[in-house]
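Q: Contents of input-v9.cif (mmCIF, C-alpha atoms and all ligand atoms) are below:
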```
data_entry
loop_
_atom_site.group_PDB
_atom_site.id
_atom_site.type_symbol
_atom_site.label_atom_id
_atom_site.label_comp_id
_atom_site.auth_asym_id
_atom_site.auth_seq_id
_atom_site.Cartn_x
_atom_site.Cartn_y
_atom_site.Cartn_z
ATOM 1 C CA MET T 11 40.294 99.651 16.969
ATOM 2 C CA PRO T 12 38.409 102.365 18.837
ATOM 3 C CA GLY T 13 36.458 101.496 21.975
ATOM 4 C CA VAL T 14 38.397 98.286 22.641
ATOM 5 C CA LEU T 15 39.004 97.467 26.316
ATOM 6 C CA CYS T 16 41.470 95.108 27.954
ATOM 7 C CA GLY T 17 40.731 92.989 31.008
ATOM 8 C CA VAL T 18 42.688 90.507 33.096
ATOM 9 C CA ASP T 19 40.918 88.057 35.386
ATOM 10 C CA ILE T 20 43.230 86.362 37.893
ATOM 11 C CA GLY T 21 41.650 83.424 39.675
ATOM 12 C CA GLY T 22 42.894 80.619 41.879
ATOM 13 C CA THR T 23 42.922 78.081 39.056
ATOM 14 C CA LYS T 24 42.763 80.063 35.821
ATOM 15 C CA CYS T 25 43.800 83.403 34.436
ATOM 16 C CA SER T 26 42.236 85.094 31.395
ATOM 17 C CA ILE T 27 43.451 88.075 29.412
ATOM 18 C CA ALA T 28 41.001 89.475 26.867
ATOM 19 C CA LEU T 29 40.157 92.315 24.554
ATOM 20 C CA ILE T 30 36.484 93.215 24.454
ATOM 21 C CA ASP T 31 34.532 95.562 22.243
ATOM 22 C CA GLU T 32 32.254 98.420 23.273
ATOM 23 C CA ASP T 33 29.293 96.024 23.590
ATOM 24 C CA GLY T 34 31.149 93.758 26.012
ATOM 25 C CA LYS T 35 31.819 91.062 23.415
ATOM 26 C CA VAL T 36 35.123 89.166 23.707
ATOM 27 C CA LEU T 37 37.251 89.825 20.606
ATOM 28 C CA ASP T 38 40.294 87.796 21.590
ATOM 29 C CA LYS T 39 41.345 85.896 24.690
ATOM 30 C CA ILE T 40 44.411 84.220 26.193
ATOM 31 C CA TYR T 41 43.713 81.622 28.840
ATOM 32 C CA THR T 42 46.271 80.042 31.161
ATOM 33 C CA CYS T 43 46.516 77.967 34.325
ATOM 34 C CA ALA T 44 50.321 78.285 34.484
ATOM 35 C CA HIS T 45 50.185 81.402 36.712
ATOM 36 C CA VAL T 46 49.318 79.255 39.738
ATOM 37 C CA SER T 47 52.790 77.752 40.011
ATOM 38 C CA GLU T 48 54.587 81.105 39.552
ATOM 39 C CA SER T 49 56.091 83.371 42.226
ATOM 40 C CA GLU T 50 54.529 86.821 42.624
ATOM 41 C CA GLU T 51 57.066 88.395 40.235
ATOM 42 C CA GLY T 52 56.827 85.458 37.837
ATOM 43 C CA MET T 53 53.057 85.766 37.625
ATOM 44 C CA VAL T 54 53.208 89.511 37.086
ATOM 45 C CA SER T 55 55.710 89.116 34.214
ATOM 46 C CA MET T 56 53.604 86.337 32.711
ATOM 47 C CA VAL T 57 50.394 88.384 32.831
ATOM 48 C CA ALA T 58 52.139 91.498 31.471
ATOM 49 C CA GLY T 59 53.627 89.406 28.641
ATOM 50 C CA HIS T 60 50.204 88.037 27.706
ATOM 51 C CA VAL T 61 48.676 91.527 27.666
ATOM 52 C CA LYS T 62 51.435 92.727 25.320
ATOM 53 C CA GLU T 63 50.998 89.601 23.176
ATOM 54 C CA ILE T 64 47.242 90.020 22.778
ATOM 55 C CA LEU T 65 47.676 93.702 21.869
ATOM 56 C CA GLN T 66 50.372 92.887 19.326
ATOM 57 C CA ARG T 67 48.442 90.135 17.582
ATOM 58 C CA ASN T 68 45.480 92.507 17.234
ATOM 59 C CA GLN T 69 47.687 95.315 15.854
ATOM 60 C CA MET T 70 46.983 97.495 18.884
ATOM 61 C CA ARG T 71 49.185 99.703 21.010
ATOM 62 C CA GLN T 72 48.874 100.299 24.737
ATOM 63 C CA SER T 73 47.939 103.904 23.981
ATOM 64 C CA ASP T 74 44.784 102.625 22.227
ATOM 65 C CA LEU T 75 43.483 101.553 25.644
ATOM 66 C CA PRO T 76 42.008 103.849 28.334
ATOM 67 C CA ALA T 77 43.540 101.558 30.978
ATOM 68 C CA ILE T 78 44.050 97.887 31.799
ATOM 69 C CA GLY T 79 41.458 96.476 34.183
ATOM 70 C CA VAL T 80 42.417 93.643 36.520
ATOM 71 C CA GLY T 81 40.056 91.589 38.651
ATOM 72 C CA CYS T 82 41.487 89.317 41.329
ATOM 73 C CA ALA T 83 39.950 87.192 44.079
ATOM 74 C CA GLY T 84 40.603 88.304 47.648
ATOM 75 C CA HIS T 85 40.516 91.354 49.877
ATOM 76 C CA ILE T 86 41.907 94.196 47.806
ATOM 77 C CA ARG T 87 42.666 97.693 49.040
ATOM 78 C CA HIS T 88 41.527 99.618 46.007
ATOM 79 C CA ASN T 89 43.286 102.924 46.737
ATOM 80 C CA ASP T 90 46.810 101.522 46.685
ATOM 81 C CA GLY T 91 46.109 98.343 44.701
ATOM 82 C CA VAL T 92 47.361 95.938 47.350
ATOM 83 C CA ILE T 93 46.053 92.394 47.772
ATOM 84 C CA ILE T 94 45.538 92.288 51.543
ATOM 85 C CA THR T 95 44.631 88.612 51.698
ATOM 86 C CA THR T 96 43.697 85.999 49.155
ATOM 87 C CA SER T 97 43.118 82.344 49.854
ATOM 88 C CA ASN T 98 43.382 81.566 46.152
ATOM 89 C CA LEU T 99 46.995 82.438 45.381
ATOM 90 C CA GLU T 100 49.827 81.407 47.633
ATOM 91 C CA GLY T 101 52.215 84.144 48.769
ATOM 92 C CA PHE T 102 50.108 87.030 47.521
ATOM 93 C CA ASN T 103 49.094 88.412 50.914
ATOM 94 C CA ASN T 104 49.991 92.107 51.308
ATOM 95 C CA TYR T 105 51.294 92.115 47.764
ATOM 96 C CA PRO T 106 51.248 95.397 45.763
ATOM 97 C CA LEU T 107 49.886 93.749 42.624
ATOM 98 C CA ARG T 108 48.709 96.921 40.917
ATOM 99 C CA ASP T 109 52.086 98.687 41.157
ATOM 100 C CA ALA T 110 53.927 95.523 40.135
ATOM 101 C CA LEU T 111 51.802 95.288 36.974
ATOM 102 C CA GLN T 112 51.919 99.043 36.444
ATOM 103 C CA SER T 113 55.710 98.923 36.083
ATOM 104 C CA HIS T 114 55.165 97.044 32.780
ATOM 105 C CA PHE T 115 52.720 99.548 31.232
ATOM 106 C CA GLU T 116 52.362 103.221 30.311
ATOM 107 C CA VAL T 117 48.570 103.246 30.617
ATOM 108 C CA PRO T 118 46.963 103.030 34.082
ATOM 109 C CA VAL T 119 46.344 99.637 35.648
ATOM 110 C CA ILE T 120 43.151 99.399 37.706
ATOM 111 C CA LEU T 121 42.886 96.553 40.218
ATOM 112 C CA ASP T 122 39.780 95.452 42.045
ATOM 113 C CA ASN T 123 38.207 92.427 43.630
ATOM 114 C CA ASP T 124 36.723 89.976 41.109
ATOM 115 C CA ALA T 125 33.151 90.345 42.423
ATOM 116 C CA ASN T 126 33.386 94.134 42.084
ATOM 117 C CA ALA T 127 34.713 93.709 38.562
ATOM 118 C CA GLN T 128 31.871 91.363 37.620
ATOM 119 C CA ALA T 129 29.345 93.752 39.159
ATOM 120 C CA TYR T 130 30.661 96.544 36.984
ATOM 121 C CA GLY T 131 30.613 94.302 33.913
ATOM 122 C CA GLU T 132 26.998 93.471 34.650
ATOM 123 C CA TYR T 133 26.216 97.168 35.111
ATOM 124 C CA LYS T 134 27.851 98.168 31.826
ATOM 125 C CA PHE T 135 27.139 95.198 29.574
ATOM 126 C CA GLY T 136 24.632 92.905 31.274
ATOM 127 C CA ALA T 137 21.342 92.985 33.153
ATOM 128 C CA GLY T 138 22.348 96.220 34.910
ATOM 129 C CA GLN T 139 22.238 98.352 31.768
ATOM 130 C CA GLY T 140 19.850 101.256 32.239
ATOM 131 C CA TYR T 141 20.003 101.182 36.059
ATOM 132 C CA ASN T 142 21.819 103.729 38.263
ATOM 133 C CA ASP T 143 22.012 101.402 41.253
ATOM 134 C CA MET T 144 22.321 97.638 41.404
ATOM 135 C CA ILE T 145 23.882 94.790 43.350
ATOM 136 C CA PHE T 146 25.609 91.818 41.786
ATOM 137 C CA VAL T 147 25.991 88.613 43.798
ATOM 138 C CA THR T 148 28.224 85.763 42.687
ATOM 139 C CA ILE T 149 27.475 82.295 44.068
ATOM 140 C CA SER T 150 30.022 79.566 43.391
ATOM 141 C CA THR T 151 32.751 78.027 45.577
ATOM 142 C CA GLY T 152 32.354 81.174 47.678
ATOM 143 C CA ILE T 153 29.905 84.064 47.652
ATOM 144 C CA GLY T 154 30.727 87.703 46.999
ATOM 145 C CA ALA T 155 28.966 90.840 45.875
ATOM 146 C CA GLY T 156 29.610 94.151 44.172
ATOM 147 C CA ILE T 157 27.516 97.222 44.891
ATOM 148 C CA VAL T 158 26.968 99.883 42.229
ATOM 149 C CA ILE T 159 25.536 103.186 43.469
ATOM 150 C CA ASN T 160 24.969 106.061 41.067
ATOM 151 C CA GLY T 161 27.019 104.333 38.397
ATOM 152 C CA LYS T 162 30.050 103.844 40.663
ATOM 153 C CA LEU T 163 31.227 100.879 42.688
ATOM 154 C CA TYR T 164 30.736 101.361 46.411
ATOM 155 C CA ARG T 165 33.967 100.078 47.945
ATOM 156 C CA GLY T 166 33.766 101.210 51.569
ATOM 157 C CA MET T 167 36.634 102.425 53.739
ATOM 158 C CA THR T 168 39.208 99.774 52.838
ATOM 159 C CA GLY T 169 37.829 98.598 49.526
ATOM 160 C CA THR T 170 36.318 95.414 50.898
ATOM 161 C CA ALA T 171 32.621 96.393 50.782
ATOM 162 C CA GLY T 172 30.440 93.663 49.336
ATOM 163 C CA GLU T 173 31.965 90.776 51.303
ATOM 164 C CA PHE T 174 28.420 89.510 51.380
ATOM 165 C CA GLY T 175 29.460 85.854 51.771
ATOM 166 C CA HIS T 176 30.578 86.581 55.329
ATOM 167 C CA THR T 177 27.264 88.054 56.456
ATOM 168 C CA ILE T 178 25.773 85.684 59.019
ATOM 169 C CA VAL T 179 22.483 83.962 58.230
ATOM 170 C CA GLU T 180 22.505 81.162 60.865
ATOM 171 C CA PRO T 181 24.598 82.011 63.968
ATOM 172 C CA ASP T 182 24.043 78.595 65.596
ATOM 173 C CA SER T 183 24.958 76.679 62.450
ATOM 174 C CA GLU T 184 27.324 73.707 62.625
ATOM 175 C CA LEU T 185 28.923 75.084 59.493
ATOM 176 C CA VAL T 186 32.087 77.061 60.201
ATOM 177 C CA CYS T 187 33.190 79.450 57.475
ATOM 178 C CA SER T 188 36.745 79.816 56.167
ATOM 179 C CA CYS T 189 36.775 83.116 58.125
ATOM 180 C CA GLY T 190 36.206 81.230 61.398
ATOM 181 C CA ASN T 191 32.648 82.407 62.076
ATOM 182 C CA ARG T 192 29.647 80.134 62.224
ATOM 183 C CA GLY T 193 26.788 80.385 59.798
ATOM 184 C CA CYS T 194 28.213 82.808 57.235
ATOM 185 C CA LEU T 195 26.079 82.834 54.106
ATOM 186 C CA MET T 196 28.863 81.205 52.104
ATOM 187 C CA ALA T 197 29.350 78.482 54.693
ATOM 188 C CA CYS T 198 25.624 77.635 54.525
ATOM 189 C CA ALA T 199 24.777 78.121 50.868
ATOM 190 C CA CYS T 200 27.654 77.779 48.445
ATOM 191 C CA GLY T 201 29.972 75.108 47.081
ATOM 192 C CA MET T 202 31.649 74.370 50.405
ATOM 193 C CA ALA T 203 28.272 73.612 52.066
ATOM 194 C CA LEU T 204 26.915 71.216 49.477
ATOM 195 C CA PRO T 205 28.555 67.945 50.659
ATOM 196 C CA TYR T 206 27.446 68.661 54.238
ATOM 197 C CA LEU T 207 23.850 69.448 53.256
ATOM 198 C CA PHE T 208 23.713 66.380 51.012
ATOM 199 C CA GLU T 209 25.105 64.007 53.649
ATOM 200 C CA LYS T 210 22.785 65.384 56.316
ATOM 201 C CA LYS T 211 19.766 64.493 54.188
ATOM 202 C CA LEU T 212 21.123 61.002 53.495
ATOM 203 C CA LYS T 213 21.520 60.492 57.251
ATOM 204 C CA GLU T 214 17.914 61.601 57.730
ATOM 205 C CA GLY T 215 17.034 58.620 55.524
ATOM 206 C CA LYS T 216 16.277 60.594 52.346
ATOM 207 C CA LYS T 217 16.912 58.732 49.103
ATOM 208 C CA THR T 218 18.737 59.988 46.035
ATOM 209 C CA LYS T 219 18.361 58.964 42.399
ATOM 210 C CA LEU T 220 22.018 59.896 41.816
ATOM 211 C CA LYS T 221 24.311 56.915 41.294
ATOM 212 C CA MET T 222 26.392 56.523 44.469
ATOM 213 C CA PRO T 223 28.970 53.709 44.241
ATOM 214 C CA SER T 224 30.082 52.321 47.621
ATOM 215 C CA ASN T 225 33.419 54.147 47.386
ATOM 216 C CA PHE T 226 31.710 57.418 46.490
ATOM 217 C CA ASN T 227 33.324 60.370 48.224
ATOM 218 C CA ILE T 228 30.596 62.717 49.473
ATOM 219 C CA SER T 229 33.063 65.598 49.688
ATOM 220 C CA LYS T 230 33.127 65.553 45.865
ATOM 221 C CA ILE T 231 29.467 66.634 45.685
ATOM 222 C CA ASN T 232 29.420 69.971 43.898
ATOM 223 C CA GLY T 233 27.137 72.218 41.913
ATOM 224 C CA GLN T 234 27.442 70.063 38.796
ATOM 225 C CA THR T 235 26.525 66.880 40.687
ATOM 226 C CA LEU T 236 23.375 68.556 41.939
ATOM 227 C CA LYS T 237 22.607 69.969 38.487
ATOM 228 C CA LYS T 238 22.594 66.367 37.239
ATOM 229 C CA GLY T 239 20.289 65.509 40.128
ATOM 230 C CA LEU T 240 18.024 68.445 39.312
ATOM 231 C CA ASP T 241 17.825 67.403 35.651
ATOM 232 C CA MET T 242 16.789 63.867 36.636
ATOM 233 C CA ASP T 243 14.246 65.217 39.129
ATOM 234 C CA ASP T 244 16.126 63.815 42.123
ATOM 235 C CA PRO T 245 14.223 64.905 45.245
ATOM 236 C CA LEU T 246 17.314 64.970 47.463
ATOM 237 C CA SER T 247 19.318 67.165 45.061
ATOM 238 C CA LYS T 248 16.330 69.487 44.803
ATOM 239 C CA GLU T 249 16.122 69.728 48.599
ATOM 240 C CA VAL T 250 19.810 70.676 48.867
ATOM 241 C CA ILE T 251 19.406 73.297 46.129
ATOM 242 C CA SER T 252 16.316 74.629 47.941
ATOM 243 C CA ASP T 253 18.285 74.845 51.208
ATOM 244 C CA SER T 254 21.000 76.858 49.491
ATOM 245 C CA ALA T 255 18.331 79.067 47.910
ATOM 246 C CA TYR T 256 16.718 79.631 51.310
ATOM 247 C CA TYR T 257 19.935 81.092 52.751
ATOM 248 C CA VAL T 258 20.635 83.172 49.649
ATOM 249 C CA GLY T 259 17.049 84.472 49.891
ATOM 250 C CA ILE T 260 17.693 85.576 53.486
ATOM 251 C CA GLY T 261 20.903 87.255 52.363
ATOM 252 C CA LEU T 262 19.182 89.127 49.536
ATOM 253 C CA TYR T 263 16.453 90.224 51.926
ATOM 254 C CA ASN T 264 19.129 91.696 54.227
ATOM 255 C CA LEU T 265 20.694 93.497 51.254
ATOM 256 C CA PHE T 266 17.290 94.817 50.244
ATOM 257 C CA GLN T 267 16.612 96.200 53.722
ATOM 258 C CA THR T 268 20.071 97.780 53.874
ATOM 259 C CA LEU T 269 20.326 99.355 50.414
ATOM 260 C CA ASN T 270 16.859 99.229 48.797
ATOM 261 C CA PRO T 271 18.286 98.498 45.313
ATOM 262 C CA PRO T 272 16.010 98.292 42.251
ATOM 263 C CA LEU T 273 17.994 95.340 40.846
ATOM 264 C CA ILE T 274 19.911 92.341 42.162
ATOM 265 C CA VAL T 275 21.724 90.213 39.575
ATOM 266 C CA LEU T 276 22.919 86.714 40.459
ATOM 267 C CA GLY T 277 25.880 85.074 38.751
ATOM 268 C CA GLY T 278 28.490 82.407 39.467
ATOM 269 C CA GLY T 279 28.568 78.640 38.955
ATOM 270 C CA LEU T 280 25.639 77.668 41.173
ATOM 271 C CA THR T 281 23.250 79.831 39.157
ATOM 272 C CA ASN T 282 23.494 77.039 36.545
ATOM 273 C CA TRP T 283 20.718 75.559 38.661
ATOM 274 C CA GLY T 284 18.635 78.088 36.741
ATOM 275 C CA GLU T 285 14.997 78.976 37.246
ATOM 276 C CA PHE T 286 14.392 76.278 39.888
ATOM 277 C CA TYR T 287 17.051 77.919 42.078
ATOM 278 C CA LEU T 288 15.998 81.485 41.301
ATOM 279 C CA GLU T 289 12.335 80.788 42.073
ATOM 280 C CA ARG T 290 13.210 79.368 45.492
ATOM 281 C CA ILE T 291 15.496 82.279 46.289
ATOM 282 C CA LYS T 292 12.646 84.631 45.392
ATOM 283 C CA GLU T 293 10.148 82.643 47.505
ATOM 284 C CA THR T 294 12.212 83.227 50.647
ATOM 285 C CA PHE T 295 12.926 86.823 49.683
ATOM 286 C CA TYR T 296 9.267 87.751 49.090
ATOM 287 C CA ASP T 297 8.119 85.862 52.211
ATOM 288 C CA LEU T 298 10.438 88.034 54.282
ATOM 289 C CA ALA T 299 9.944 91.323 52.415
ATOM 290 C CA ARG T 300 6.120 90.982 52.344
ATOM 291 C CA ASP T 301 4.451 94.396 52.686
ATOM 292 C CA MET T 302 7.778 96.193 53.184
ATOM 293 C CA LEU T 303 8.392 96.166 49.472
ATOM 294 C CA PHE T 304 7.016 99.513 48.291
ATOM 295 C CA ASP T 305 8.358 99.375 44.737
ATOM 296 C CA PRO T 306 9.106 96.386 42.534
ATOM 297 C CA ILE T 307 12.605 94.935 42.781
ATOM 298 C CA GLU T 308 14.087 92.913 39.947
ATOM 299 C CA ILE T 309 15.963 89.762 40.978
ATOM 300 C CA THR T 310 17.433 88.070 37.959
ATOM 301 C CA LEU T 311 20.180 85.773 36.712
ATOM 302 C CA SER T 312 23.189 87.249 34.930
ATOM 303 C CA ASP T 313 22.978 87.142 31.161
ATOM 304 C CA ILE T 314 26.760 87.314 30.741
ATOM 305 C CA VAL T 315 27.684 83.714 30.065
ATOM 306 C CA GLY T 316 31.214 82.341 30.239
ATOM 307 C CA ASP T 317 33.639 85.238 30.374
ATOM 308 C CA ALA T 318 31.980 87.340 33.099
ATOM 309 C CA GLY T 319 35.241 87.703 35.051
ATOM 310 C CA VAL T 320 37.369 89.113 32.270
ATOM 311 C CA ILE T 321 34.536 91.206 30.810
ATOM 312 C CA GLY T 322 34.065 92.704 34.280
ATOM 313 C CA ALA T 323 37.779 93.385 34.627
ATOM 314 C CA ALA T 324 37.745 95.239 31.301
ATOM 315 C CA ALA T 325 34.625 97.161 32.376
ATOM 316 C CA LEU T 326 36.562 98.545 35.375
ATOM 317 C CA THR T 327 38.375 100.793 32.909
ATOM 318 C CA LEU T 328 35.077 102.569 32.166
ATOM 319 C CA GLU T 329 34.282 103.521 35.761
HETATM 320 ZN ZN ZN T 401 32.743 83.884 56.861
#
```
Could you write out this file's structure as structure tokens?
A:
Amino acid sequence: MPGVLCGVDIGGTKCSIALIDEDGKVLDKIYTCAHVSESEEGMVSMVAGHVKEILQRNQMRQSDLPAIGVGCAGHIRHNDGVIITTSNLEGFNNYPLRDALQSHFEVPVILDNDANAQAYGEYKFGAGQGYNDMIFVTISTGIGAGIVINGKLYRGMTGTAGEFGHTIVEPDSELVCSCGNRGCLMACACGMALPYLFEKKLKEGKKTKLKMPSNFNISKINGQTLKKGLDMDDPLSKEVISDSAYYVGIGLYNLFQTLNPPLIVLGGGLTNWGEFYLERIKETFYDLARDMLFDPIEITLSDIVGDAGVIGAAALTLE
């Protein structure tokens, strides 16, 4: 099968191995959660076994692939393929994941951060097609970004460029980020902020249409809860979503002033809030950018639904 690519997406809860075609369509996929309980070596053998399995059942050989692309959450030093830190997988800090996987294959293994991988997938197969430069931002439990300049990922000195979630949007915020700083974008706007923002509004006396039994645990409020609220026109849910959008809008404005990209694509779980969310992000963005916007910028939601992580990982092999 000519033009087929192979990607591996290693996340904190799930791991996907897939073959995709030259249009970015998933041809076959193996999905597992079992990697989480494995040691470093155990996980590497498991992933390598699944790659070999998916090739075999599609009558392919390794040599049919240009490379194997791997996306993984965490700080990844791209040059030597080492996971520097990851909060998602226990024991994987300072782990040479690329070389460990490479020992199982003849074709090159390319490892990068999952947001970078998704950015490249978006550039090759999604909303970024036809652009030379673009930024992809993923908004879910955390926030990350990938920066494509002249058709290549911009990785910075270490490989950790695009850690957009740790840019600070509210230095005096009560919200402390997992990194220890106050007011990081991801502390204020993403999954980890939602229970706090929701509770704050309840304490201000705001009412919600969402069913809240007396034993309801506010810390369980997540993007899906608020999507339900949005769908039933719950004013409180809409306020929380608007607050998140406000901070993302500030973040995008900062990106715009720094890199002047023609396109910013938003993906990740919280973008399921759809047009309501996007419109509010844009409101803040355009308020701030005003007359400093000399050419139109496109801010849009990702059109890669579902398998963005593994499609992005496979796309890394085209860079
Ligand atoms: Zn932070």
Q: Go through the chains and note each residue within 9 Å of ligand ZN 401 (chain T), using all atoms listed in the file, then give the set as a CSV table (one decimal) with C-alpha atoms, in the coordinates of the input.
A:
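Result written to out-v3.csv:
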```
chain,number,residue,atom,x,y,z
T,173,GLU,CA,32.0,90.8,51.3
T,174,PHE,CA,28.4,89.5,51.4
T,175,GLY,CA,29.5,85.9,51.8
T,176,HIS,CA,30.6,86.6,55.3
T,177,THR,CA,27.3,88.1,56.5
T,178,ILE,CA,25.8,85.7,59.0
T,186,VAL,CA,32.1,77.1,60.2
T,187,CYS,CA,33.2,79.4,57.5
T,188,SER,CA,36.7,79.8,56.2
T,189,CYS,CA,36.8,83.1,58.1
T,190,GLY,CA,36.2,81.2,61.4
T,191,ASN,CA,32.6,82.4,62.1
T,192,ARG,CA,29.6,80.1,62.2
T,193,GLY,CA,26.8,80.4,59.8
T,194,CYS,CA,28.2,82.8,57.2
T,195,LEU,CA,26.1,82.8,54.1
T,196,MET,CA,28.9,81.2,52.1
T,197,ALA,CA,29.4,78.5,54.7
```
Q: Let me make sure I understand: among T:Leu298, T:Ala28, T:Val46, T:Met53, which one has the smallest atom-to-atom distance to Asn264 (chain T) if we use only C-alpha atoms?
A: T:Leu298
Q: Can you tell me how far CA of Leu75 (chain T) sits from CA of Leu326 (chain T), in Å to one decimal?
A: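 Between these atoms lies a distance of 12.3 Å.
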Q: Taking the file as I've supplied it (selection: the PyMOL selection byres (((chain T and resi 131-140) around 9) and not hetatm)), which residues are included? Please answer as a VMD selection string.
A: chain T and resid 32 to 35 126 to 130 141 to 146 158 161 273 to 275 310 to 314 318 to 326 328
Q: Would you put the residues from that selection into a file with C-alpha atoms, as a PDB file, in the frame of the given file?
A:
```
ATOM      1  CA  GLU T  32      32.254  98.420  23.273  1.00  0.00           C
ATOM      2  CA  ASP T  33      29.293  96.024  23.590  1.00  0.00           C
ATOM      3  CA  GLY T  34      31.149  93.758  26.012  1.00  0.00           C
ATOM      4  CA  LYS T  35      31.819  91.062  23.415  1.00  0.00           C
ATOM      5  CA  ASN T 126      33.386  94.134  42.084  1.00  0.00           C
ATOM      6  CA  ALA T 127      34.713  93.709  38.562  1.00  0.00           C
ATOM      7  CA  GLN T 128      31.871  91.363  37.620  1.00  0.00           C
ATOM      8  CA  ALA T 129      29.345  93.752  39.159  1.00  0.00           C
ATOM      9  CA  TYR T 130      30.661  96.544  36.984  1.00  0.00           C
ATOM     10  CA  TYR T 141      20.003 101.182  36.059  1.00  0.00           C
ATOM     11  CA  ASN T 142      21.819 103.729  38.263  1.00  0.00           C
ATOM     12  CA  ASP T 143      22.012 101.402  41.253  1.00  0.00           C
ATOM     13  CA  MET T 144      22.321  97.638  41.404  1.00  0.00           C
ATOM     14  CA  ILE T 145      23.882  94.790  43.350  1.00  0.00           C
ATOM     15  CA  PHE T 146      25.609  91.818  41.786  1.00  0.00           C
ATOM     16  CA  VAL T 158      26.968  99.883  42.229  1.00  0.00           C
ATOM     17  CA  GLY T 161      27.019 104.333  38.397  1.00  0.00           C
ATOM     18  CA  LEU T 273      17.994  95.340  40.846  1.00  0.00           C
ATOM     19  CA  ILE T 274      19.911  92.341  42.162  1.00  0.00           C
ATOM     20  CA  VAL T 275      21.724  90.213  39.575  1.00  0.00           C
ATOM     21  CA  THR T 310      17.433  88.070  37.959  1.00  0.00           C
ATOM     22  CA  LEU T 311      20.180  85.773  36.712  1.00  0.00           C
ATOM     23  CA  SER T 312      23.189  87.249  34.930  1.00  0.00           C
ATOM     24  CA  ASP T 313      22.978  87.142  31.161  1.00  0.00           C
ATOM     25  CA  ILE T 314      26.760  87.314  30.741  1.00  0.00           C
ATOM     26  CA  ALA T 318      31.980  87.340  33.099  1.00  0.00           C
ATOM     27  CA  GLY T 319      35.241  87.703  35.051  1.00  0.00           C
ATOM     28  CA  VAL T 320      37.369  89.113  32.270  1.00  0.00           C
ATOM     29  CA  ILE T 321      34.536  91.206  30.810  1.00  0.00           C
ATOM     30  CA  GLY T 322      34.065  92.704  34.280  1.00  0.00           C
ATOM     31  CA  ALA T 323      37.779  93.385  34.627  1.00  0.00           C
ATOM     32  CA  ALA T 324      37.745  95.239  31.301  1.00  0.00           C
ATOM     33  CA  ALA T 325      34.625  97.161  32.376  1.00  0.00           C
ATOM     34  CA  LEU T 326      36.562  98.545  35.375  1.00  0.00           C
ATOM     35  CA  LEU T 328      35.077 102.569  32.166  1.00  0.00           C
TER      36      LEU T 328
END
```
Q: Of the candidates T:Asp301, T:Glu329, T:Thr235, T:Ser150, which shows the shortest atom-to-atom distance to Lys162 (chain T), using all atoms listed in the file?
A: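 Comparing T:Asp301, T:Glu329, T:Thr235, T:Ser150 against Lys162 (chain T), the winner is T:Glu329.
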Q: Using only C-alpha atoms for the distances, tell me which of T:Asn232, T:Asn104, T:Asn227, T:Thr281 is nearest to Val147 (chain T).
A: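 For Val147 (chain T), the nearest of the candidates is T:Thr281.
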Q: May I ask for the distance between CA of Asp31 (chain T) and CA of Ile93 (chain T), given in Å to one decimal place?
A: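 Separation between CA of Asp31 (chain T) and CA of Ile93 (chain T): 28.2 Å.
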Q: In Å, how far is it from CA of Gly21 (chain T) to CA of Ser97 (chain T)?
A: 10.3 Å
Q: Give me, as a ChimeraX atom specification, all polymer residues having an atom no more than 7 Å from Ile149 (chain T), counting only C-alpha atoms and skipping those fewer than 4 positions away in the same chain.
A: /T:153-154,200,277-281
Q: In terms of the shortest atom-to-atom distance over only C-alpha atoms, which of T:Gly91, T:Gly13, T:Gly81, T:Pro245 is closest to Ala110 (chain T)?
A: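 Closest candidate: T:Gly91.
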Q: Which one is closest to Leu29 (chain T): T:Ser49, T:Thr42, T:Tyr257, T:His60? Count only C-alpha atoms.
A: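 Closest to Leu29 (chain T), using only C-alpha atoms: T:His60.
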Q: Using all atoms listed in the file, find the one residue out of T:Ser254, T:Thr96, T:Ser183, T:Asn225 that sits nearest to Gly201 (chain T).
A: T:Ser254
Q: Assuming the chain letters and numbering stay as they are in my file, what does the PyMOL selection byres (((chain T and resi 306) around 10) and not hetatm) actually select? List them as number ranges by chain.
A: T: 271-273, 303-305, 307-309
Q: Evaluate the PyMOL selection byres (((chain T and resi 284-295) around 8) and not hetatm) against this structure - the residues, as an NGL selection string, please.
A: :T and (251-252 or 255-260 or 262-263 or 281-283 or 296-299 or 309-311)
Q: Those residues you just picked out, can you put them in a file as a short mmCIF file (atom, residue, chain, number, x, y, z; two decimals), keeping the file's coordinate frame with C-alpha atoms?
A:
```
data_model
loop_
_atom_site.label_atom_id
_atom_site.label_comp_id
_atom_site.auth_asym_id
_atom_site.auth_seq_id
_atom_site.Cartn_x
_atom_site.Cartn_y
_atom_site.Cartn_z
CA ILE T 251 19.41 73.30 46.13
CA SER T 252 16.32 74.63 47.94
CA ALA T 255 18.33 79.07 47.91
CA TYR T 256 16.72 79.63 51.31
CA TYR T 257 19.93 81.09 52.75
CA VAL T 258 20.64 83.17 49.65
CA GLY T 259 17.05 84.47 49.89
CA ILE T 260 17.69 85.58 53.49
CA LEU T 262 19.18 89.13 49.54
CA TYR T 263 16.45 90.22 51.93
CA THR T 281 23.25 79.83 39.16
CA ASN T 282 23.49 77.04 36.54
CA TRP T 283 20.72 75.56 38.66
CA TYR T 296 9.27 87.75 49.09
CA ASP T 297 8.12 85.86 52.21
CA LEU T 298 10.44 88.03 54.28
CA ALA T 299 9.94 91.32 52.42
CA ILE T 309 15.96 89.76 40.98
CA THR T 310 17.43 88.07 37.96
CA LEU T 311 20.18 85.77 36.71
#
```
Q: Please export region 262-269 of chain T as a compact mmCIF listing (two decimals), in the first residue's frame, restricted to C-alpha atoms.
A:
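This is the output file result-v7.txt:
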```
# COMPACT_ATOMS: atom_id res chain seq x y z
CA LEU T 262 -4.17 33.93 21.18
CA TYR T 263 -3.68 37.68 21.11
CA ASN T 264 -0.23 37.22 22.67
CA LEU T 265 0.59 34.56 20.07
CA PHE T 266 -0.59 36.87 17.31
CA GLN T 267 1.62 39.72 18.52
CA THR T 268 4.61 37.39 18.85
CA LEU T 269 4.38 35.43 15.59
```
